[in-house]
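Okay, upload.cif is below, mmCIF, C-alpha atoms:
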data_run
#
loop_
_atom_site.group_PDB
_atom_site.id
_atom_site.type_symbol
_atom_site.label_atom_id
_atom_site.label_comp_id
_atom_site.auth_asym_id
_atom_site.auth_seq_id
_atom_site.Cartn_x
_atom_site.Cartn_y
_atom_site.Cartn_z
ATOM 1 C CA MET Y 123 0.000 0.000 0.000
ATOM 2 C CA ARG Y 124 0.966 3.639 -0.395
ATOM 3 C CA ILE Y 125 0.715 5.118 3.069
ATOM 4 C CA ALA Y 126 1.305 8.477 4.690
ATOM 5 C CA VAL Y 127 2.733 8.555 8.199
ATOM 6 C CA PHE Y 128 2.351 11.477 10.593
ATOM 7 C CA GLY Y 129 4.526 11.583 13.682
ATOM 8 C CA ALA Y 130 7.211 9.651 11.812
ATOM 9 C CA THR Y 131 10.076 11.187 13.809
ATOM 10 C CA GLY Y 132 8.655 10.084 17.184
ATOM 11 C CA GLY Y 133 9.347 6.879 19.045
ATOM 12 C CA THR Y 134 6.405 4.947 17.620
ATOM 13 C CA GLY Y 135 6.511 6.679 14.239
ATOM 14 C CA ARG Y 136 10.062 5.552 13.530
ATOM 15 C CA HIS Y 137 9.018 1.949 14.112
ATOM 16 C CA LEU Y 138 5.983 2.436 11.877
ATOM 17 C CA VAL Y 139 8.130 3.705 9.034
ATOM 18 C CA ARG Y 140 10.742 0.965 9.363
ATOM 19 C CA GLN Y 141 8.274 -1.886 9.677
ATOM 20 C CA ALA Y 142 6.064 -0.583 6.889
ATOM 21 C CA LEU Y 143 9.027 -0.471 4.532
ATOM 22 C CA GLU Y 144 10.101 -3.960 5.596
ATOM 23 C CA THR Y 145 6.647 -5.310 4.740
ATOM 24 C CA GLY Y 146 6.635 -3.723 1.288
ATOM 25 C CA HIS Y 147 4.608 -0.560 1.778
ATOM 26 C CA GLU Y 148 5.550 2.703 0.115
ATOM 27 C CA VAL Y 149 5.874 5.325 2.844
ATOM 28 C CA ARG Y 150 5.559 9.084 2.694
ATOM 29 C CA ALA Y 151 6.583 10.620 6.030
ATOM 30 C CA LEU Y 152 5.182 14.088 6.640
ATOM 31 C CA VAL Y 153 7.387 15.730 9.241
ATOM 32 C CA ARG Y 154 8.256 19.128 10.651
ATOM 33 C CA ASP Y 155 11.956 18.325 11.097
ATOM 34 C CA PRO Y 156 13.355 15.933 8.472
ATOM 35 C CA ALA Y 157 16.765 15.989 10.163
ATOM 36 C CA ARG Y 158 15.302 13.705 12.822
ATOM 37 C CA LEU Y 159 14.973 10.881 10.313
ATOM 38 C CA PRO Y 160 18.031 8.780 9.471
ATOM 39 C CA THR Y 161 20.038 9.243 6.298
ATOM 40 C CA PRO Y 162 20.556 7.892 3.729
ATOM 41 C CA ARG Y 163 16.847 7.312 3.138
ATOM 42 C CA PRO Y 164 15.902 3.676 2.521
ATOM 43 C CA ALA Y 165 14.205 2.702 -0.708
ATOM 44 C CA GLY Y 166 10.475 3.257 -0.605
ATOM 45 C CA LEU Y 167 10.617 6.199 1.807
ATOM 46 C CA GLU Y 168 9.748 9.733 0.769
ATOM 47 C CA VAL Y 169 10.124 12.529 3.322
ATOM 48 C CA VAL Y 170 8.034 15.694 3.026
ATOM 49 C CA THR Y 171 8.547 18.730 5.260
ATOM 50 C CA VAL Y 172 5.360 20.343 6.563
ATOM 51 C CA THR Y 173 5.913 23.276 8.895
ATOM 52 C CA ASP Y 174 2.276 23.554 10.048
ATOM 53 C CA MET Y 175 0.593 20.231 10.694
ATOM 54 C CA THR Y 176 -2.675 21.954 11.594
ATOM 55 C CA ASP Y 177 -3.106 23.487 8.125
ATOM 56 C CA PRO Y 178 -5.137 21.240 5.778
ATOM 57 C CA ALA Y 179 -3.881 23.189 2.747
ATOM 58 C CA ALA Y 180 -0.310 22.229 3.668
ATOM 59 C CA LEU Y 181 -1.227 18.540 3.966
ATOM 60 C CA SER Y 182 -3.648 18.044 1.087
ATOM 61 C CA PRO Y 183 -1.117 18.061 -1.803
ATOM 62 C CA HIS Y 184 0.689 15.116 -0.218
ATOM 63 C CA LEU Y 185 -2.278 12.770 0.343
ATOM 64 C CA GLY Y 186 -3.856 12.518 -3.091
ATOM 65 C CA ASP Y 187 -2.014 9.356 -4.117
ATOM 66 C CA ARG Y 188 -2.132 7.603 -0.730
ATOM 67 C CA ASP Y 189 -4.168 4.509 0.126
ATOM 68 C CA ALA Y 190 -4.102 5.082 3.877
ATOM 69 C CA VAL Y 191 -2.912 7.424 6.606
ATOM 70 C CA LEU Y 192 -1.335 6.413 9.921
ATOM 71 C CA SER Y 193 -0.909 8.933 12.721
ATOM 72 C CA ALA Y 194 1.515 8.442 15.590
ATOM 73 C CA LEU Y 195 1.267 12.107 16.546
ATOM 74 C CA GLY Y 196 1.776 12.656 20.223
ATOM 75 C CA THR Y 197 2.106 15.456 22.692
ATOM 76 C CA THR Y 198 3.498 16.403 26.088
ATOM 77 C CA THR Y 199 2.124 18.391 28.992
ATOM 78 C CA ARG Y 200 3.867 21.413 27.472
ATOM 79 C CA THR Y 201 2.386 20.975 23.975
ATOM 80 C CA ALA Y 202 -1.024 19.509 24.909
ATOM 81 C CA GLY Y 203 -3.693 20.726 22.532
ATOM 82 C CA PHE Y 204 -1.739 19.962 19.352
ATOM 83 C CA VAL Y 205 -2.963 16.503 18.380
ATOM 84 C CA ALA Y 206 -6.679 17.192 17.915
ATOM 85 C CA PRO Y 207 -6.171 20.207 15.591
ATOM 86 C CA ALA Y 208 -3.520 18.305 13.637
ATOM 87 C CA VAL Y 209 -5.739 15.260 13.149
ATOM 88 C CA HIS Y 210 -8.639 17.550 12.221
ATOM 89 C CA ALA Y 211 -6.415 18.929 9.452
ATOM 90 C CA VAL Y 212 -5.503 15.382 8.410
ATOM 91 C CA LEU Y 213 -9.182 14.423 8.205
ATOM 92 C CA THR Y 214 -9.952 17.494 6.115
ATOM 93 C CA ALA Y 215 -7.076 16.774 3.726
ATOM 94 C CA MET Y 216 -8.101 13.123 3.465
ATOM 95 C CA ALA Y 217 -11.682 14.062 2.603
ATOM 96 C CA GLU Y 218 -10.478 16.468 -0.077
ATOM 97 C CA ASN Y 219 -8.474 13.656 -1.652
ATOM 98 C CA HIS Y 220 -11.007 10.838 -1.110
ATOM 99 C CA VAL Y 221 -8.604 8.887 1.109
ATOM 100 C CA ARG Y 222 -10.613 6.796 3.545
ATOM 101 C CA ARG Y 223 -8.379 4.521 5.658
ATOM 102 C CA LEU Y 224 -7.037 6.092 8.857
ATOM 103 C CA LEU Y 225 -5.352 4.697 11.963
ATOM 104 C CA VAL Y 226 -4.497 6.930 14.914
ATOM 105 C CA VAL Y 227 -2.706 6.373 18.208
ATOM 106 C CA SER Y 228 -4.540 7.465 21.331
ATOM 107 C CA ALA Y 229 -3.938 6.275 24.918
ATOM 108 C CA ALA Y 230 -5.544 3.770 27.266
ATOM 109 C CA PRO Y 231 -6.483 6.318 29.990
ATOM 110 C CA VAL Y 232 -8.755 8.101 27.495
ATOM 111 C CA GLY Y 233 -11.083 5.118 27.704
ATOM 112 C CA PRO Y 234 -12.958 3.464 30.563
ATOM 113 C CA VAL Y 235 -11.358 1.097 33.032
ATOM 114 C CA PRO Y 236 -11.891 -2.491 31.847
ATOM 115 C CA GLU Y 237 -14.108 -4.773 33.883
ATOM 116 C CA GLY Y 238 -12.196 -6.974 36.287
ATOM 117 C CA GLU Y 239 -9.339 -4.534 36.915
ATOM 118 C CA SER Y 240 -7.816 -4.531 40.372
ATOM 119 C CA LEU Y 241 -9.069 -2.211 43.088
ATOM 120 C CA ALA Y 242 -5.624 -0.579 43.265
ATOM 121 C CA TYR Y 243 -5.744 0.281 39.596
ATOM 122 C CA ARG Y 244 -9.343 1.503 39.628
ATOM 123 C CA ALA Y 245 -9.074 3.521 42.841
ATOM 124 C CA LEU Y 246 -5.470 4.751 42.749
ATOM 125 C CA LEU Y 247 -3.402 4.326 39.600
ATOM 126 C CA HIS Y 248 -5.941 5.218 36.915
ATOM 127 C CA PRO Y 249 -7.269 8.348 38.705
ATOM 128 C CA LEU Y 250 -3.733 9.509 39.465
ATOM 129 C CA VAL Y 251 -2.476 9.121 35.895
ATOM 130 C CA SER Y 252 -5.634 10.699 34.497
ATOM 131 C CA ARG Y 253 -5.248 13.701 36.770
ATOM 132 C CA VAL Y 254 -1.530 14.271 36.202
ATOM 133 C CA PHE Y 255 -1.847 14.061 32.403
ATOM 134 C CA ARG Y 256 -5.395 15.400 32.099
ATOM 135 C CA ASN Y 257 -4.476 17.998 29.440
ATOM 136 C CA ILE Y 258 -2.882 15.359 27.238
ATOM 137 C CA TYR Y 259 -5.842 13.011 27.579
ATOM 138 C CA ALA Y 260 -8.305 15.828 26.933
ATOM 139 C CA ASP Y 261 -6.453 16.515 23.672
ATOM 140 C CA LEU Y 262 -6.524 12.838 22.704
ATOM 141 C CA GLY Y 263 -10.168 12.543 23.728
ATOM 142 C CA GLU Y 264 -11.078 15.406 21.408
ATOM 143 C CA MET Y 265 -9.055 13.741 18.660
ATOM 144 C CA GLU Y 266 -11.031 10.536 19.172
ATOM 145 C CA ARG Y 267 -14.289 12.472 18.968
ATOM 146 C CA LEU Y 268 -13.262 14.091 15.684
ATOM 147 C CA VAL Y 269 -12.132 10.790 14.201
ATOM 148 C CA GLY Y 270 -15.279 8.975 15.305
ATOM 149 C CA ALA Y 271 -17.495 11.648 13.771
ATOM 150 C CA SER Y 272 -15.665 11.558 10.442
ATOM 151 C CA ALA Y 273 -16.631 9.662 7.307
ATOM 152 C CA SER Y 274 -13.247 7.935 7.210
ATOM 153 C CA ASP Y 275 -12.656 4.211 7.688
ATOM 154 C CA TRP Y 276 -10.962 4.867 10.990
ATOM 155 C CA THR Y 277 -9.341 2.787 13.707
ATOM 156 C CA VAL Y 278 -8.340 4.269 17.068
ATOM 157 C CA VAL Y 279 -5.567 2.341 18.829
ATOM 158 C CA ARG Y 280 -5.263 2.801 22.608
ATOM 159 C CA PRO Y 281 -1.983 1.617 24.140
ATOM 160 C CA PRO Y 282 -0.968 1.948 27.795
ATOM 161 C CA ARG Y 283 2.548 3.101 28.793
ATOM 162 C CA LEU Y 284 4.908 2.933 25.812
ATOM 163 C CA LEU Y 285 8.335 1.401 26.316
ATOM 164 C CA ASP Y 286 11.498 1.714 24.227
ATOM 165 C CA ARG Y 287 12.413 -1.942 24.129
ATOM 166 C CA PRO Y 288 12.595 -4.575 21.374
ATOM 167 C CA GLY Y 289 9.290 -5.762 20.016
ATOM 168 C CA THR Y 290 8.243 -9.371 20.512
ATOM 169 C CA GLY Y 291 5.182 -9.625 18.259
ATOM 170 C CA ARG Y 292 3.336 -11.013 21.297
ATOM 171 C CA TYR Y 293 0.705 -8.689 22.651
ATOM 172 C CA ARG Y 294 -3.029 -8.564 23.264
ATOM 173 C CA ALA Y 295 -5.589 -6.594 21.295
ATOM 174 C CA ASP Y 296 -9.115 -6.017 22.564
ATOM 175 C CA PRO Y 297 -11.765 -4.611 20.210
ATOM 176 C CA ALA Y 298 -14.049 -4.084 23.220
ATOM 177 C CA GLY Y 299 -11.755 -1.391 24.634
ATOM 178 C CA ASN Y 300 -8.753 -1.297 26.899
ATOM 179 C CA VAL Y 301 -6.907 -4.513 27.679
ATOM 180 C CA ARG Y 302 -7.499 -5.766 31.223
ATOM 181 C CA GLY Y 303 -4.267 -5.802 33.166
ATOM 182 C CA GLY Y 304 -2.420 -4.104 30.306
ATOM 183 C CA ARG Y 305 0.130 -1.748 31.766
ATOM 184 C CA SER Y 306 2.656 -1.328 28.948
ATOM 185 C CA ILE Y 307 3.613 -2.234 25.401
ATOM 186 C CA ALA Y 308 6.782 -1.817 23.361
ATOM 187 C CA ARG Y 309 6.582 0.936 20.767
ATOM 188 C CA ALA Y 310 7.750 -1.607 18.188
ATOM 189 C CA ASP Y 311 4.805 -3.856 19.060
ATOM 190 C CA LEU Y 312 2.378 -0.938 18.868
ATOM 191 C CA ALA Y 313 3.644 -0.234 15.350
ATOM 192 C CA HIS Y 314 3.338 -3.930 14.490
ATOM 193 C CA ALA Y 315 -0.262 -3.971 15.720
ATOM 194 C CA MET Y 316 -1.171 -0.888 13.696
ATOM 195 C CA LEU Y 317 0.229 -2.346 10.508
ATOM 196 C CA ARG Y 318 -1.695 -5.585 11.057
ATOM 197 C CA MET Y 319 -4.891 -3.597 11.598
ATOM 198 C CA LEU Y 320 -4.252 -1.536 8.478
ATOM 199 C CA THR Y 321 -5.576 -4.242 6.168
ATOM 200 C CA ASP Y 322 -8.014 -5.882 8.603
ATOM 201 C CA PRO Y 323 -11.611 -4.844 7.799
ATOM 202 C CA ALA Y 324 -12.755 -6.016 11.242
ATOM 203 C CA THR Y 325 -10.883 -3.087 12.803
ATOM 204 C CA VAL Y 326 -12.636 -0.395 10.755
ATOM 205 C CA LYS Y 327 -14.614 2.069 12.906
ATOM 206 C CA GLN Y 328 -13.323 0.368 16.043
ATOM 207 C CA THR Y 329 -11.429 1.574 19.093
ATOM 208 C CA ILE Y 330 -8.964 -1.159 19.987
ATOM 209 C CA GLY Y 331 -6.839 -1.536 23.080
ATOM 210 C CA VAL Y 332 -3.399 -3.098 22.750
ATOM 211 C CA ALA Y 333 -1.032 -4.149 25.540
ATOM 212 C CA ASP Y 334 1.410 -6.831 26.601
#
Serialized structure, structure tokens:
Amino acid sequence: MRIAVFGATGGTGRHLVRQALETGHEVRALVRDPARLPTPRPAGLEVVTVTDMTDPAALSPHLGDRDAVLSALGTTTRTAGFVAPAVHAVLTAMAENHVRRLLVVSAAPVGPVPEGESLAYRALLHPLVSRVFRNIYADLGEMERLVGASASDWTVVRPPRLLDRPGTGRYRADPAGNVRGGRSIARADLAHAMLRMLTDPATVKQTIGVAD
């Protein structure tokens, strides 16, 4: 497939690009700082610099020949409020170019606590994390709302804490929501899960939790 990747210079995005190329996809990475991607560029990778990710007019010329869009855009407490406007611009540019398939990374705390979770998690850990990072999760929650209201063939992927460790290819995915007992996942495995979902029609218009 010919895919566009947003957030390609981040921890998960770099894995998405590498794994997509390894599985034969043609990748266009839309980035603000191309210097953060390795050189020389591998075959099949095109890098496009976009200075304003929230401007649909800046994105639209680069999506017309794509089959799908994957977003690993993220934020910090300092930059919270960026992801929802950026994904809104992505959705607008996709609609202009009749591109339908979209996968976006969200976060497990945006969703409800799964049934059967421990009392410690329900009463202590989840409320604490949600409070400390409330601005980030509010941004991601608004992104999810925009995606869910769109006409795209979307999939929202909700991981828990992301770890920079080698991927194993062994993880759980729950189409009913967050994974019970899921506390972390390797970024490489998150990328692997997204690429598997890319061509799986059962994941369209679904919010899917993934975790070790």
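Going from CA of Met175 in chain Y over to CA of Arg223 in chain Y, you cover 18.8 Å.
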Considering only C-alpha atoms, return as an MDAnalysis selection string whatever protein or nucleic-acid residues lie within 10 Å of His184 in chain Y, sequence-local ones (same chain, fewer than 3 positions apart) excluded.
-> chainID Y and resid 126 150:152 170 172 179:181 187:188 215:216 219
Nearby residues, (-8.6, 5.6, 26.3) file frame, 10 Å, all atoms listed in the file, as a PyMOL selection string = chain Y and resi 228-235+259+262-263+266+278-282+299-300+329-331
Please identify all polymer residues within 10 Å of His147 in chain Y, counting only C-alpha atoms, omitting same-chain residues fewer than 4 positions from it, and present them as a list in words.
->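 Final neighbour list, sorted by chain and number: Met123, Arg124, Ile125, Val139, Arg140, Gln141, Ala142, Leu143, Gly166, Leu167 and Leu317 of chain Y.
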Per residue of range 145-241 of chain Y within 10 Å of range 310-315 of chain Y, note the shortest atom pair and the distance in Å to one decimal, counting all atoms listed in the file, and order the rows by chain and increasing residue number, as a tab-separated table.
residue	atom	partner	partner_atom	distance
Y:Leu192	CA	Y:Ala313	CA	9.9
Y:Ala194	CA	Y:Ala313	CA	8.9
Y:Val227	CA	Y:Leu312	CA	8.9
For range 160-171 of chain Y, where the input has fewer atoms than it should, I would like all heavy atoms rebuilt and written as a PDB file, in the coordinates of the input.
ATOM      1  N   PRO Y 160      16.682   9.212   9.848  1.00  0.00           N
ATOM      2  CA  PRO Y 160      18.031   8.780   9.471  1.00  0.00           C
ATOM      3  C   PRO Y 160      18.311   8.977   7.991  1.00  0.00           C
ATOM      4  O   PRO Y 160      17.411   8.956   7.158  1.00  0.00           O
ATOM      5  CB  PRO Y 160      18.041   7.290   9.838  1.00  0.00           C
ATOM      6  CG  PRO Y 160      16.599   6.883   9.794  1.00  0.00           C
ATOM      7  CD  PRO Y 160      15.833   8.074  10.261  1.00  0.00           C
ATOM      8  N   THR Y 161      19.570   9.186   7.681  1.00  0.00           N
ATOM      9  CA  THR Y 161      20.038   9.243   6.298  1.00  0.00           C
ATOM     10  C   THR Y 161      21.144   8.215   6.138  1.00  0.00           C
ATOM     11  O   THR Y 161      21.863   7.908   7.092  1.00  0.00           O
ATOM     12  CB  THR Y 161      20.563  10.646   5.952  1.00  0.00           C
ATOM     13  OG1 THR Y 161      21.538  11.031   6.921  1.00  0.00           O
ATOM     14  CG2 THR Y 161      19.436  11.676   5.966  1.00  0.00           C
ATOM     15  N   PRO Y 162      21.357   7.661   4.933  1.00  0.00           N
ATOM     16  CA  PRO Y 162      20.556   7.892   3.729  1.00  0.00           C
ATOM     17  C   PRO Y 162      19.167   7.279   3.849  1.00  0.00           C
ATOM     18  O   PRO Y 162      18.955   6.356   4.630  1.00  0.00           O
ATOM     19  CB  PRO Y 162      21.378   7.207   2.635  1.00  0.00           C
ATOM     20  CG  PRO Y 162      22.106   6.113   3.355  1.00  0.00           C
ATOM     21  CD  PRO Y 162      22.430   6.674   4.719  1.00  0.00           C
ATOM     22  N   ARG Y 163      18.209   7.803   3.076  1.00  0.00           N
ATOM     23  CA  ARG Y 163      16.847   7.312   3.138  1.00  0.00           C
ATOM     24  C   ARG Y 163      16.750   5.929   2.490  1.00  0.00           C
ATOM     25  O   ARG Y 163      17.272   5.718   1.395  1.00  0.00           O
ATOM     26  CB  ARG Y 163      15.890   8.260   2.402  1.00  0.00           C
ATOM     27  CG  ARG Y 163      16.025   9.716   2.801  1.00  0.00           C
ATOM     28  CD  ARG Y 163      15.444   9.991   4.166  1.00  0.00           C
ATOM     29  NE  ARG Y 163      15.349  11.428   4.390  1.00  0.00           N
ATOM     30  CZ  ARG Y 163      15.681  12.023   5.527  1.00  0.00           C
ATOM     31  NH1 ARG Y 163      16.151  11.317   6.531  1.00  0.00           N
ATOM     32  NH2 ARG Y 163      15.543  13.329   5.673  1.00  0.00           N
ATOM     33  N   PRO Y 164      16.080   4.996   3.141  1.00  0.00           N
ATOM     34  CA  PRO Y 164      15.902   3.676   2.521  1.00  0.00           C
ATOM     35  C   PRO Y 164      14.967   3.742   1.326  1.00  0.00           C
ATOM     36  O   PRO Y 164      14.145   4.661   1.209  1.00  0.00           O
ATOM     37  CB  PRO Y 164      15.305   2.845   3.651  1.00  0.00           C
ATOM     38  CG  PRO Y 164      14.690   3.825   4.579  1.00  0.00           C
ATOM     39  CD  PRO Y 164      15.506   5.074   4.480  1.00  0.00           C
ATOM     40  N   ALA Y 165      15.087   2.772   0.456  1.00  0.00           N
ATOM     41  CA  ALA Y 165      14.205   2.702  -0.708  1.00  0.00           C
ATOM     42  C   ALA Y 165      12.754   2.585  -0.251  1.00  0.00           C
ATOM     43  O   ALA Y 165      12.444   1.866   0.696  1.00  0.00           O
ATOM     44  CB  ALA Y 165      14.575   1.501  -1.569  1.00  0.00           C
ATOM     45  N   GLY Y 166      11.886   3.298  -0.934  1.00  0.00           N
ATOM     46  CA  GLY Y 166      10.475   3.257  -0.605  1.00  0.00           C
ATOM     47  C   GLY Y 166      10.018   4.336   0.338  1.00  0.00           C
ATOM     48  O   GLY Y 166       8.820   4.458   0.607  1.00  0.00           O
ATOM     49  N   LEU Y 167      10.963   5.135   0.868  1.00  0.00           N
ATOM     50  CA  LEU Y 167      10.617   6.199   1.807  1.00  0.00           C
ATOM     51  C   LEU Y 167      10.773   7.563   1.148  1.00  0.00           C
ATOM     52  O   LEU Y 167      11.827   7.893   0.609  1.00  0.00           O
ATOM     53  CB  LEU Y 167      11.512   6.140   3.043  1.00  0.00           C
ATOM     54  CG  LEU Y 167      11.360   7.306   4.038  1.00  0.00           C
ATOM     55  CD1 LEU Y 167       9.951   7.362   4.603  1.00  0.00           C
ATOM     56  CD2 LEU Y 167      12.394   7.194   5.153  1.00  0.00           C
ATOM     57  N   GLU Y 168       9.717   8.345   1.200  1.00  0.00           N
ATOM     58  CA  GLU Y 168       9.748   9.733   0.769  1.00  0.00           C
ATOM     59  C   GLU Y 168       9.466  10.610   1.990  1.00  0.00           C
ATOM     60  O   GLU Y 168       8.529  10.348   2.745  1.00  0.00           O
ATOM     61  CB  GLU Y 168       8.686   9.981  -0.301  1.00  0.00           C
ATOM     62  CG  GLU Y 168       8.599  11.433  -0.756  1.00  0.00           C
ATOM     63  CD  GLU Y 168       7.412  11.698  -1.660  1.00  0.00           C
ATOM     64  OE1 GLU Y 168       6.657  10.736  -1.943  1.00  0.00           O
ATOM     65  OE2 GLU Y 168       7.218  12.861  -2.063  1.00  0.00           O
ATOM     66  N   VAL Y 169      10.276  11.638   2.173  1.00  0.00           N
ATOM     67  CA  VAL Y 169      10.124  12.529   3.322  1.00  0.00           C
ATOM     68  C   VAL Y 169       9.676  13.898   2.825  1.00  0.00           C
ATOM     69  O   VAL Y 169      10.304  14.481   1.939  1.00  0.00           O
ATOM     70  CB  VAL Y 169      11.438  12.652   4.117  1.00  0.00           C
ATOM     71  CG1 VAL Y 169      11.268  13.621   5.291  1.00  0.00           C
ATOM     72  CG2 VAL Y 169      11.878  11.280   4.631  1.00  0.00           C
ATOM     73  N   VAL Y 170       8.588  14.400   3.393  1.00  0.00           N
ATOM     74  CA  VAL Y 170       8.034  15.694   3.026  1.00  0.00           C
ATOM     75  C   VAL Y 170       8.023  16.582   4.270  1.00  0.00           C
ATOM     76  O   VAL Y 170       7.544  16.156   5.332  1.00  0.00           O
ATOM     77  CB  VAL Y 170       6.603  15.556   2.473  1.00  0.00           C
ATOM     78  CG1 VAL Y 170       5.993  16.931   2.216  1.00  0.00           C
ATOM     79  CG2 VAL Y 170       6.601  14.718   1.205  1.00  0.00           C
ATOM     80  N   THR Y 171       8.539  17.784   4.144  1.00  0.00           N
ATOM     81  CA  THR Y 171       8.547  18.730   5.260  1.00  0.00           C
ATOM     82  C   THR Y 171       7.273  19.559   5.251  1.00  0.00           C
ATOM     83  O   THR Y 171       6.923  20.170   4.241  1.00  0.00           O
ATOM     84  CB  THR Y 171       9.767  19.663   5.173  1.00  0.00           C
ATOM     85  OG1 THR Y 171      10.963  18.883   5.162  1.00  0.00           O
ATOM     86  CG2 THR Y 171       9.807  20.617   6.362  1.00  0.00           C
TER      87      THR Y 171
END
